[in-house]
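my_file.json, holding JSON, C-alpha atoms:
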[["chain", "number", "residue", "atom", "x", "y", "z"],
["A", 99, "MET", "CA", -34.89, 20.64, -17.95],
["A", 100, "ASN", "CA", -32.77, 17.61, -17.15],
["A", 101, "LYS", "CA", -29.59, 16.89, -19.14],
["A", 102, "TYR", "CA", -31.34, 14.53, -21.55],
["A", 103, "GLU", "CA", -33.79, 17.28, -22.44],
["A", 104, "VAL", "CA", -31.06, 19.91, -22.72],
["A", 105, "ILE", "CA", -29.04, 17.74, -25.10],
["A", 106, "ARG", "CA", -32.15, 16.86, -27.12],
["A", 107, "ASP", "CA", -32.98, 20.55, -27.43],
["A", 108, "ILE", "CA", -29.44, 21.44, -28.58],
["A", 109, "LEU", "CA", -29.46, 18.68, -31.20],
["A", 110, "GLU", "CA", -32.90, 19.69, -32.41],
["A", 111, "LYS", "CA", -31.80, 23.31, -32.94],
["A", 112, "SER", "CA", -28.40, 22.50, -34.42],
["A", 113, "SER", "CA", -27.95, 23.04, -38.15],
["A", 114, "TYR", "CA", -24.78, 20.91, -38.44],
["A", 115, "THR", "CA", -23.83, 18.29, -35.86],
["A", 116, "VAL", "CA", -20.68, 16.17, -35.95],
["A", 117, "ALA", "CA", -20.23, 13.20, -33.63],
["A", 118, "MET", "CA", -16.90, 11.73, -32.56],
["A", 119, "CYS", "CA", -17.04, 8.13, -31.28],
["A", 120, "GLY", "CA", -14.30, 7.14, -28.86],
["A", 121, "THR", "CA", -12.83, 4.00, -27.37],
["A", 122, "GLU", "CA", -15.49, 3.66, -24.67],
["A", 123, "MET", "CA", -18.14, 3.11, -27.32],
["A", 124, "MET", "CA", -16.09, 0.19, -28.67],
["A", 125, "LYS", "CA", -15.88, -1.31, -25.20],
["A", 126, "GLU", "CA", -19.65, -0.92, -24.81],
["A", 127, "SER", "CA", -20.00, -3.02, -27.98],
["A", 128, "GLY", "CA", -17.85, -5.76, -26.46],
["A", 129, "MET", "CA", -14.35, -4.89, -27.66],
["A", 130, "PRO", "CA", -11.77, -5.67, -24.95],
["A", 131, "SER", "CA", -9.01, -3.15, -24.41],
["A", 132, "LEU", "CA", -5.68, -4.23, -25.89],
["A", 133, "ARG", "CA", -4.01, -2.53, -22.94],
["A", 134, "ALA", "CA", -6.01, -4.38, -20.27],
["A", 135, "PRO", "CA", -3.48, -6.35, -18.15],
["A", 136, "GLU", "CA", -5.38, -9.63, -18.40],
["A", 137, "ILE", "CA", -5.68, -9.33, -22.19],
["A", 138, "ALA", "CA", -2.04, -8.37, -22.62],
["A", 139, "TYR", "CA", -0.93, -11.29, -20.42],
["A", 140, "ARG", "CA", -3.02, -13.84, -22.32],
["A", 141, "VAL", "CA", -1.93, -12.58, -25.73],
["A", 142, "GLU", "CA", 1.75, -12.53, -24.78],
["A", 143, "LYS", "CA", 1.50, -16.04, -23.36],
["A", 144, "GLU", "CA", -0.25, -17.37, -26.49],
["A", 145, "TYR", "CA", 1.60, -15.48, -29.23],
["A", 146, "GLY", "CA", 4.89, -14.59, -27.57],
["A", 147, "TYR", "CA", 4.41, -10.86, -28.05],
["A", 148, "SER", "CA", 2.26, -8.08, -26.59],
["A", 149, "PRO", "CA", -0.82, -6.85, -28.51],
["A", 150, "GLU", "CA", 0.90, -3.53, -29.23],
["A", 151, "GLU", "CA", 3.94, -5.32, -30.64],
["A", 152, "ILE", "CA", 1.85, -7.55, -32.90],
["A", 153, "PHE", "CA", -0.52, -4.85, -34.14],
["A", 154, "ALA", "CA", 2.33, -2.74, -35.49],
["A", 155, "SER", "CA", 3.55, -2.04, -39.01],
["A", 156, "VAL", "CA", 7.06, -3.35, -38.28],
["A", 157, "PHE", "CA", 5.65, -6.63, -36.97],
["A", 158, "TYR", "CA", 3.35, -6.97, -39.97],
["A", 159, "THR", "CA", 6.31, -6.52, -42.29],
["A", 160, "ASN", "CA", 8.54, -9.06, -40.55],
["A", 161, "ARG", "CA", 6.22, -11.67, -38.99],
["A", 162, "LYS", "CA", 3.14, -11.89, -41.18],
["A", 163, "GLU", "CA", 2.08, -15.40, -40.19],
["A", 164, "THR", "CA", 1.93, -14.52, -36.49],
["A", 165, "PHE", "CA", 0.29, -11.19, -37.30],
["A", 166, "PHE", "CA", -2.53, -12.83, -39.27],
["A", 167, "LYS", "CA", -3.05, -15.53, -36.65],
["A", 168, "TYR", "CA", -3.54, -12.83, -34.05],
["A", 169, "TYR", "CA", -5.58, -10.64, -36.40],
["A", 170, "ARG", "CA", -8.00, -13.45, -37.29],
["A", 171, "GLU", "CA", -8.52, -14.68, -33.76],
["A", 172, "GLU", "CA", -8.49, -11.42, -31.82],
["A", 173, "MET", "CA", -9.86, -8.85, -34.31],
["A", 174, "LEU", "CA", -12.20, -10.83, -36.57],
["A", 175, "LYS", "CA", -13.61, -13.54, -34.27],
["A", 176, "PRO", "CA", -16.22, -13.18, -32.95],
["A", 177, "PRO", "CA", -17.65, -10.32, -34.97],
["A", 178, "LEU", "CA", -18.19, -7.12, -32.97],
["A", 179, "GLU", "CA", -21.75, -5.79, -33.11],
["A", 180, "PRO", "CA", -22.85, -2.14, -32.71],
["A", 181, "SER", "CA", -24.30, -1.13, -29.35],
["A", 182, "GLU", "CA", -27.61, 0.73, -29.03],
["A", 183, "GLY", "CA", -25.61, 3.95, -28.92],
["A", 184, "PHE", "CA", -24.61, 3.52, -32.55],
["A", 185, "TYR", "CA", -28.20, 2.77, -33.59],
["A", 186, "ALA", "CA", -29.29, 5.97, -31.85],
["A", 187, "LEU", "CA", -26.65, 7.85, -33.87],
["A", 188, "ALA", "CA", -28.03, 6.35, -37.06],
["A", 189, "GLU", "CA", -31.51, 7.50, -36.09],
["A", 190, "LEU", "CA", -30.24, 11.05, -35.54],
["A", 191, "GLU", "CA", -28.69, 11.02, -39.01],
["A", 192, "LYS", "CA", -31.92, 9.66, -40.48],
["A", 193, "ARG", "CA", -33.82, 12.58, -38.90],
["A", 194, "GLY", "CA", -31.34, 15.07, -40.36],
["A", 195, "LYS", "CA", -29.93, 15.93, -36.92],
["A", 196, "LEU", "CA", -26.47, 14.42, -37.47],
["A", 197, "GLN", "CA", -24.37, 15.32, -40.49],
["A", 198, "CYS", "CA", -21.16, 13.34, -39.94],
["A", 199, "THR", "CA", -19.69, 10.70, -37.61],
["A", 200, "ILE", "CA", -15.94, 10.46, -37.03],
["A", 201, "ALA", "CA", -14.65, 7.22, -35.50],
["A", 202, "ASN", "CA", -11.40, 5.42, -34.85],
["A", 203, "ASN", "CA", -12.74, 1.88, -34.48],
["A", 204, "VAL", "CA", -11.81, -0.56, -37.24],
["A", 205, "HIS", "CA", -15.12, -2.44, -37.07],
["A", 206, "ASN", "CA", -17.11, 0.38, -38.74],
["A", 207, "LEU", "CA", -19.69, 0.22, -35.96],
["A", 208, "PRO", "CA", -21.44, 3.50, -36.95],
["A", 209, "GLY", "CA", -21.78, 2.39, -40.58],
["A", 210, "ARG", "CA", -23.03, -1.06, -39.68],
["A", 211, "ALA", "CA", -25.66, 0.52, -37.41],
["A", 212, "GLY", "CA", -26.95, 2.58, -40.33],
["A", 213, "CYS", "CA", -24.93, 5.82, -40.41],
["A", 214, "GLU", "CA", -24.12, 6.79, -44.00],
["A", 215, "LYS", "CA", -21.61, 9.62, -43.62],
["A", 216, "VAL", "CA", -18.79, 8.12, -41.57],
["A", 217, "LEU", "CA", -15.08, 8.91, -41.48],
["A", 218, "ASN", "CA", -13.24, 5.83, -40.19],
["A", 219, "LEU", "CA", -9.87, 7.36, -39.34],
["A", 220, "HIS", "CA", -8.22, 4.00, -38.68],
["A", 221, "GLY", "CA", -9.71, 2.17, -41.65],
["A", 222, "THR", "CA", -11.90, -0.92, -41.29],
["A", 223, "ILE", "CA", -11.54, -4.69, -41.20],
["A", 224, "PHE", "CA", -13.91, -4.83, -44.17],
["A", 225, "ASP", "CA", -11.42, -3.17, -46.53],
["A", 226, "ASN", "CA", -8.62, -5.44, -47.71],
["A", 227, "GLU", "CA", -6.65, -5.24, -50.93],
["A", 228, "CYS", "CA", -3.69, -6.57, -52.81],
["A", 229, "PRO", "CA", -0.91, -3.95, -52.69],
["A", 230, "ARG", "CA", 0.20, -4.93, -56.20],
["A", 231, "CYS", "CA", -2.93, -5.26, -58.35],
["A", 232, "GLY", "CA", -5.43, -3.50, -56.07],
["A", 233, "LYS", "CA", -7.93, -6.38, -56.03],
["A", 234, "ARG", "CA", -10.22, -6.03, -53.02],
["A", 235, "TYR", "CA", -11.17, -8.85, -50.68],
["A", 236, "PRO", "CA", -13.97, -9.14, -48.10],
["A", 237, "MET", "CA", -13.33, -9.56, -44.40],
["A", 238, "GLU", "CA", -14.40, -13.21, -44.65],
["A", 239, "TYR", "CA", -11.51, -13.96, -47.02],
["A", 240, "ILE", "CA", -9.05, -12.88, -44.31],
["A", 241, "ARG", "CA", -10.99, -14.49, -41.48],
["A", 242, "ASP", "CA", -11.25, -17.88, -43.19],
["A", 243, "SER", "CA", -7.64, -18.04, -44.40],
["A", 244, "LYS", "CA", -5.50, -20.75, -42.81],
["A", 245, "LYS", "CA", -2.22, -18.88, -42.74],
["A", 246, "ILE", "CA", -1.24, -15.75, -44.68],
["A", 247, "PRO", "CA", -4.09, -14.67, -47.01],
["A", 248, "LEU", "CA", -2.68, -14.33, -50.52],
["A", 249, "CYS", "CA", -4.02, -12.47, -53.54],
["A", 250, "GLU", "CA", -5.49, -15.05, -55.93],
["A", 251, "LYS", "CA", -3.86, -13.27, -58.86],
["A", 252, "CYS", "CA", -0.51, -12.02, -57.55],
["A", 253, "MET", "CA", 0.11, -14.59, -54.79],
["A", 254, "ILE", "CA", 1.33, -11.92, -52.37],
["A", 255, "PRO", "CA", -0.20, -11.10, -48.96],
["A", 256, "VAL", "CA", -3.49, -9.21, -48.97],
["A", 257, "ARG", "CA", -3.18, -6.08, -46.81],
["A", 258, "PRO", "CA", -5.93, -5.25, -44.31],
["A", 259, "LYS", "CA", -6.61, -1.52, -44.72],
["A", 260, "VAL", "CA", -6.45, -0.80, -41.01],
["A", 261, "LEU", "CA", -4.13, 1.59, -39.25],
["A", 262, "LEU", "CA", -1.34, -0.22, -37.42],
["A", 263, "PHE", "CA", 0.80, 1.19, -34.61],
["A", 264, "GLY", "CA", 3.57, 3.23, -36.17],
["A", 265, "GLU", "CA", 1.43, 4.43, -39.09],
["A", 266, "GLN", "CA", -0.16, 7.84, -39.65],
["A", 267, "VAL", "CA", -3.81, 8.58, -40.40],
["A", 268, "ASP", "CA", -4.37, 9.13, -44.12],
["A", 269, "ASN", "CA", -3.90, 12.83, -44.93],
["A", 270, "GLN", "CA", -7.11, 13.04, -46.97],
["A", 271, "LEU", "CA", -9.13, 11.58, -44.10],
["A", 272, "MET", "CA", -7.52, 13.97, -41.63],
["A", 273, "THR", "CA", -8.35, 16.91, -43.88],
["A", 274, "LYS", "CA", -11.98, 15.78, -44.22],
["A", 275, "ALA", "CA", -12.29, 15.36, -40.45],
["A", 276, "VAL", "CA", -10.91, 18.86, -39.84],
["A", 277, "GLU", "CA", -13.32, 20.27, -42.44],
["A", 278, "GLU", "CA", -16.29, 18.58, -40.77],
["A", 279, "VAL", "CA", -15.35, 19.75, -37.26],
["A", 280, "THR", "CA", -14.77, 23.28, -38.55],
["A", 281, "ARG", "CA", -18.14, 23.31, -40.27],
["A", 282, "ALA", "CA", -20.09, 22.03, -37.24],
["A", 283, "ASP", "CA", -22.05, 24.25, -34.89],
["A", 284, "THR", "CA", -22.53, 21.33, -32.45],
["A", 285, "LEU", "CA", -19.86, 18.79, -31.53],
["A", 286, "LEU", "CA", -21.03, 15.55, -29.92],
["A", 287, "LEU", "CA", -18.18, 13.70, -28.13],
["A", 288, "LEU", "CA", -19.23, 10.16, -27.29],
["A", 289, "GLY", "CA", -17.27, 7.78, -25.11],
["A", 290, "THR", "CA", -14.21, 10.00, -25.10],
["A", 291, "PRO", "CA", -12.75, 12.96, -23.20],
["A", 292, "MET", "CA", -11.56, 16.05, -25.06],
["A", 293, "ASN", "CA", -7.87, 15.15, -24.81],
["A", 294, "SER", "CA", -8.10, 11.61, -26.20],
["A", 295, "GLY", "CA", -6.08, 10.54, -29.23],
["A", 296, "LEU", "CA", -9.28, 10.79, -31.28],
["A", 297, "CYS", "CA", -10.27, 14.31, -30.23],
["A", 298, "GLU", "CA", -7.10, 16.19, -29.38],
["A", 299, "GLY", "CA", -6.06, 16.93, -32.95],
["A", 300, "TYR", "CA", -9.53, 18.00, -34.09],
["A", 301, "VAL", "CA", -11.41, 19.76, -31.28],
["A", 302, "LYS", "CA", -9.10, 22.76, -31.62],
["A", 303, "TYR", "CA", -10.63, 23.40, -35.06],
["A", 304, "PHE", "CA", -14.18, 23.59, -33.67],
["A", 305, "GLU", "CA", -15.63, 27.07, -34.14],
["A", 306, "GLY", "CA", -19.26, 26.28, -33.35],
["A", 307, "SER", "CA", -21.39, 27.10, -30.35],
["A", 308, "ARG", "CA", -22.10, 23.86, -28.46],
["A", 309, "VAL", "CA", -19.98, 20.95, -27.22],
["A", 310, "ILE", "CA", -21.77, 17.94, -25.72],
["A", 311, "ILE", "CA", -19.90, 15.15, -23.94],
["A", 312, "ILE", "CA", -21.42, 11.79, -23.04],
["A", 313, "HIS", "CA", -19.18, 9.25, -21.36],
["A", 314, "ALA", "CA", -19.25, 7.18, -18.20],
["A", 315, "GLN", "CA", -16.15, 8.47, -16.44],
["A", 316, "GLU", "CA", -15.85, 12.06, -15.27],
["A", 317, "HIS", "CA", -12.86, 13.96, -16.63],
["A", 318, "TYR", "CA", -11.41, 17.31, -15.60],
["A", 319, "LEU", "CA", -11.82, 18.69, -19.14],
["A", 320, "ASP", "CA", -15.57, 18.01, -19.07],
["A", 321, "GLU", "CA", -16.03, 21.48, -17.60],
["A", 322, "LYS", "CA", -15.12, 22.93, -21.01],
["A", 323, "ALA", "CA", -18.24, 21.35, -22.52],
["A", 324, "ASP", "CA", -21.63, 23.04, -22.56],
["A", 325, "VAL", "CA", -23.22, 19.80, -21.32],
["A", 326, "ALA", "CA", -21.46, 16.76, -19.84],
["A", 327, "LEU", "CA", -23.51, 13.64, -19.15],
["A", 328, "HIS", "CA", -21.69, 10.91, -17.23],
["A", 329, "GLU", "CA", -23.34, 7.73, -18.40],
["A", 330, "GLU", "CA", -22.56, 5.00, -20.89],
["A", 331, "VAL", "CA", -23.44, 6.13, -24.41],
["A", 332, "LYS", "CA", -25.34, 2.91, -25.11],
["A", 333, "THR", "CA", -27.93, 3.83, -22.46],
["A", 334, "ALA", "CA", -27.79, 7.64, -22.54],
["A", 335, "LEU", "CA", -28.10, 8.37, -26.26],
["A", 336, "PRO", "CA", -31.17, 6.15, -26.80],
["A", 337, "LYS", "CA", -32.91, 8.01, -23.96],
["A", 338, "ILE", "CA", -32.19, 11.27, -25.77],
["A", 339, "VAL", "CA", -33.23, 10.02, -29.21],
["A", 340, "TRP", "CA", -36.26, 7.99, -28.08],
["A", 341, "PRO", "CA", -37.54, 9.71, -24.91],
["A", 342, "GLU", "CA", -40.66, 7.56, -24.90],
["A", 343, "GLY", "CA", -38.77, 4.37, -25.61],
["A", 344, "LYS", "CA", -37.57, 2.84, -28.87],
["A", 345, "LYS", "CA", -40.40, 1.53, -31.00],
["A", 346, "ALA", "CA", -40.07, -1.95, -32.49]]

Can the structure in the file be given as structure tokens, please?
Amino acid sequence: MNKYEVIRDILEKSSYTVAMCGTEMMKESGMPSLRAPEIAYRVEKEYGYSPEEIFASVFYTNRKETFFKYYREEMLKPPLEPSEGFYALAELEKRGKLQCTIANNVHNLPGRAGCEKVLNLHGTIFDNECPRCGKRYPMEYIRDSKKIPLCEKCMIPVRPKVLLFGEQVDNQLMTKAVEEVTRADTLLLLGTPMNSGLCEGYVKYFEGSRVIIIHAQEHYLDEKADVALHEEVKTALPKIVWPEGKKA
């Protein structure tokens, strides 16, 4: 059997599969890397600060107007759309072959592709609330604001519920992610090596029997996986899920 068939067979026989979606899957959906030199240079030239400086809790606290200008233009426009890899994940869940997806992208790409059980460790751009009264606001309210988006009732800044640099993942979410990884008998690592920020704190809790890695770049830790397929997730996973081609 080739690797597509091996992975398909493992997923078919698995009783509880958990997928972890890494940074490479975001890039495949069109999200530029904040750390890419050309992006960092442009942002610093336009805003006067690096992306990592702006997208930080300290910056949000002290320079909200610049933060929201950057947030609207760089994070909310244009909207990021799920790649075919995320739609293949949703199909696996629909078939009962995927029980949970853990992601660290703030655009909720798995959920928007159709996955129902998703743990977004870094929050999402679609969750915004007033820190005083708790009123919730849609992404469009933030995107269409002219300066600092204010709560209509309290007249204080609405807080995007996304994880900023300098903040910790919510304890309840971390606990749920650990529980899911512990429960799994198959771990599907997509667009990420084992030692990434997404995986490092969770893979150590895996007690199951099979680890599958699908990502484009080879990594020395890939040898610890049962199967490692070096291909972009957006092309590889659909081949596994729809071996005869996706039907319209």

query: Hey, can you check how far CA of Met129 (chain A) sits from CA of Lys192 (chain A)?
result: 26.2 Å

message: List as a PyMOL selection string the protein and nucleic acid residues near Pro177 (chain A), meaning an atom at most 12 Å away when only C-alpha atoms are counted, but skip any in the same chain fewer than 2 places from it.
response: chain A and resi 127-129+170-175+179-180+204-207+210+223-224+237-238+241

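Take the candidates A:Cys198, A:Ala138, A:Met123, A:Ala326 and check each one against Leu178 (chain A) using only C-alpha atoms; the shortest distance goes to A:Met123.
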
- line: Of A:Ala201, A:Ala117, A:Val256, A:Ile311, the one sitting nearest Ile240 (chain A) when using all atoms listed in the file is A:Val256

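Using all atoms listed in the file, the shortest contact distance between Ser181 (chain A) and any of A:Met124, A:Met253, A:Leu327, A:Leu109 is found at A:Met124.
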
message: Applying 9 Å and only C-alpha atoms, which residues near region 320-322 of chain A remain after dropping the ones on its own chain fewer than 6 positions away? List them as a list in words.
response: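 Here the answer would be Pro291, Met292, Val309 and Ile311 of chain A.
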
Suppose we keep C-alpha atoms; can you now write the selection as an mmCIF file, in the frame of the given file?
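File again22.cif, as written:
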data_model
loop_
_atom_site.group_PDB
_atom_site.id
_atom_site.type_symbol
_atom_site.label_atom_id
_atom_site.label_comp_id
_atom_site.auth_asym_id
_atom_site.auth_seq_id
_atom_site.Cartn_x
_atom_site.Cartn_y
_atom_site.Cartn_z
ATOM 1 C CA PRO A 291 -12.750 12.960 -23.200
ATOM 2 C CA MET A 292 -11.560 16.050 -25.060
ATOM 3 C CA VAL A 309 -19.980 20.950 -27.220
ATOM 4 C CA ILE A 311 -19.900 15.150 -23.940
#

query: So how far away is CA of Ser148 (chain A) from CA of Ala134 (chain A), in Å?
result: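 Computing it gives 11.0 Å between the two atoms.
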
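Pairwise distance (CA of Leu319 (chain A), CA of Lys101 (chain A)) equals 17.9 Å.
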
message: I want to know what sits within 12 Å of Lys111 (chain A), based on only C-alpha atoms, with residues of the same chain fewer than 2 positions away left out; could you give that as number ranges by chain?
response: A: 104-109, 113-115, 194-196, 283-284, 307-308

query: Taking only C-alpha atoms into account, which of A:Glu110, A:Asp268, A:Glu305, A:Asp242 comes nearest Val339 (chain A)?
result: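 Smallest distance to Val339 (chain A) is found for A:Glu110.
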
- prompt: Closest to Gly146 (chain A) among A:Ala186, A:Lys125, A:Tyr168, A:Asn100, using all atoms listed in the file?
  reply: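 Among A:Ala186, A:Lys125, A:Tyr168, A:Asn100, it is A:Tyr168 that comes nearest to Gly146 (chain A).
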
query: Skipping near chain neighbours, those fewer than 6 positions away, what residues fall within 10 Å of Gln315 (chain A) using only C-alpha atoms, listed as a list in words?
result: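 Here the qualifying residues turn out to be Glu122, Gly289, Thr290, Pro291, Leu327, His328, Glu329 and Glu330 of chain A.
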
Take the residues just selected and output them with C-alpha atoms as a CSV table (one decimal), in the frame of the given file.
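Dumped to result_17.csv:
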chain,number,residue,atom,x,y,z
A,122,GLU,CA,-15.5,3.7,-24.7
A,289,GLY,CA,-17.3,7.8,-25.1
A,290,THR,CA,-14.2,10.0,-25.1
A,291,PRO,CA,-12.8,13.0,-23.2
A,327,LEU,CA,-23.5,13.6,-19.2
A,328,HIS,CA,-21.7,10.9,-17.2
A,329,GLU,CA,-23.3,7.7,-18.4
A,330,GLU,CA,-22.6,5.0,-20.9

field: Shortest interatomic distance to His313 (chain A) - which of A:Leu296, A:Leu286, A:Val301, A:Val141, counting only C-alpha atoms
entry: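 Among the listed residues, A:Leu286 lies closest to His313 (chain A).
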
message: Give me the residues near Tyr185 (chain A) as a count of residues only, where near means some atom within 6 Å (using all atoms listed in the file) and where sequence neighbours in that chain fewer than 3 positions away do not count.
response: 3

Once 8 Å is added on each side, what are the centre and the three edge lengths, in Å to one decimal, of the axis-aligned box enclosing the listed atoms of region 252-271 of chain A? Present them as JSON.
{"center_x": -2.8, "center_y": -0.8, "center_z": -46.1, "size_x": 28.7, "size_y": 43.6, "size_z": 38.9}
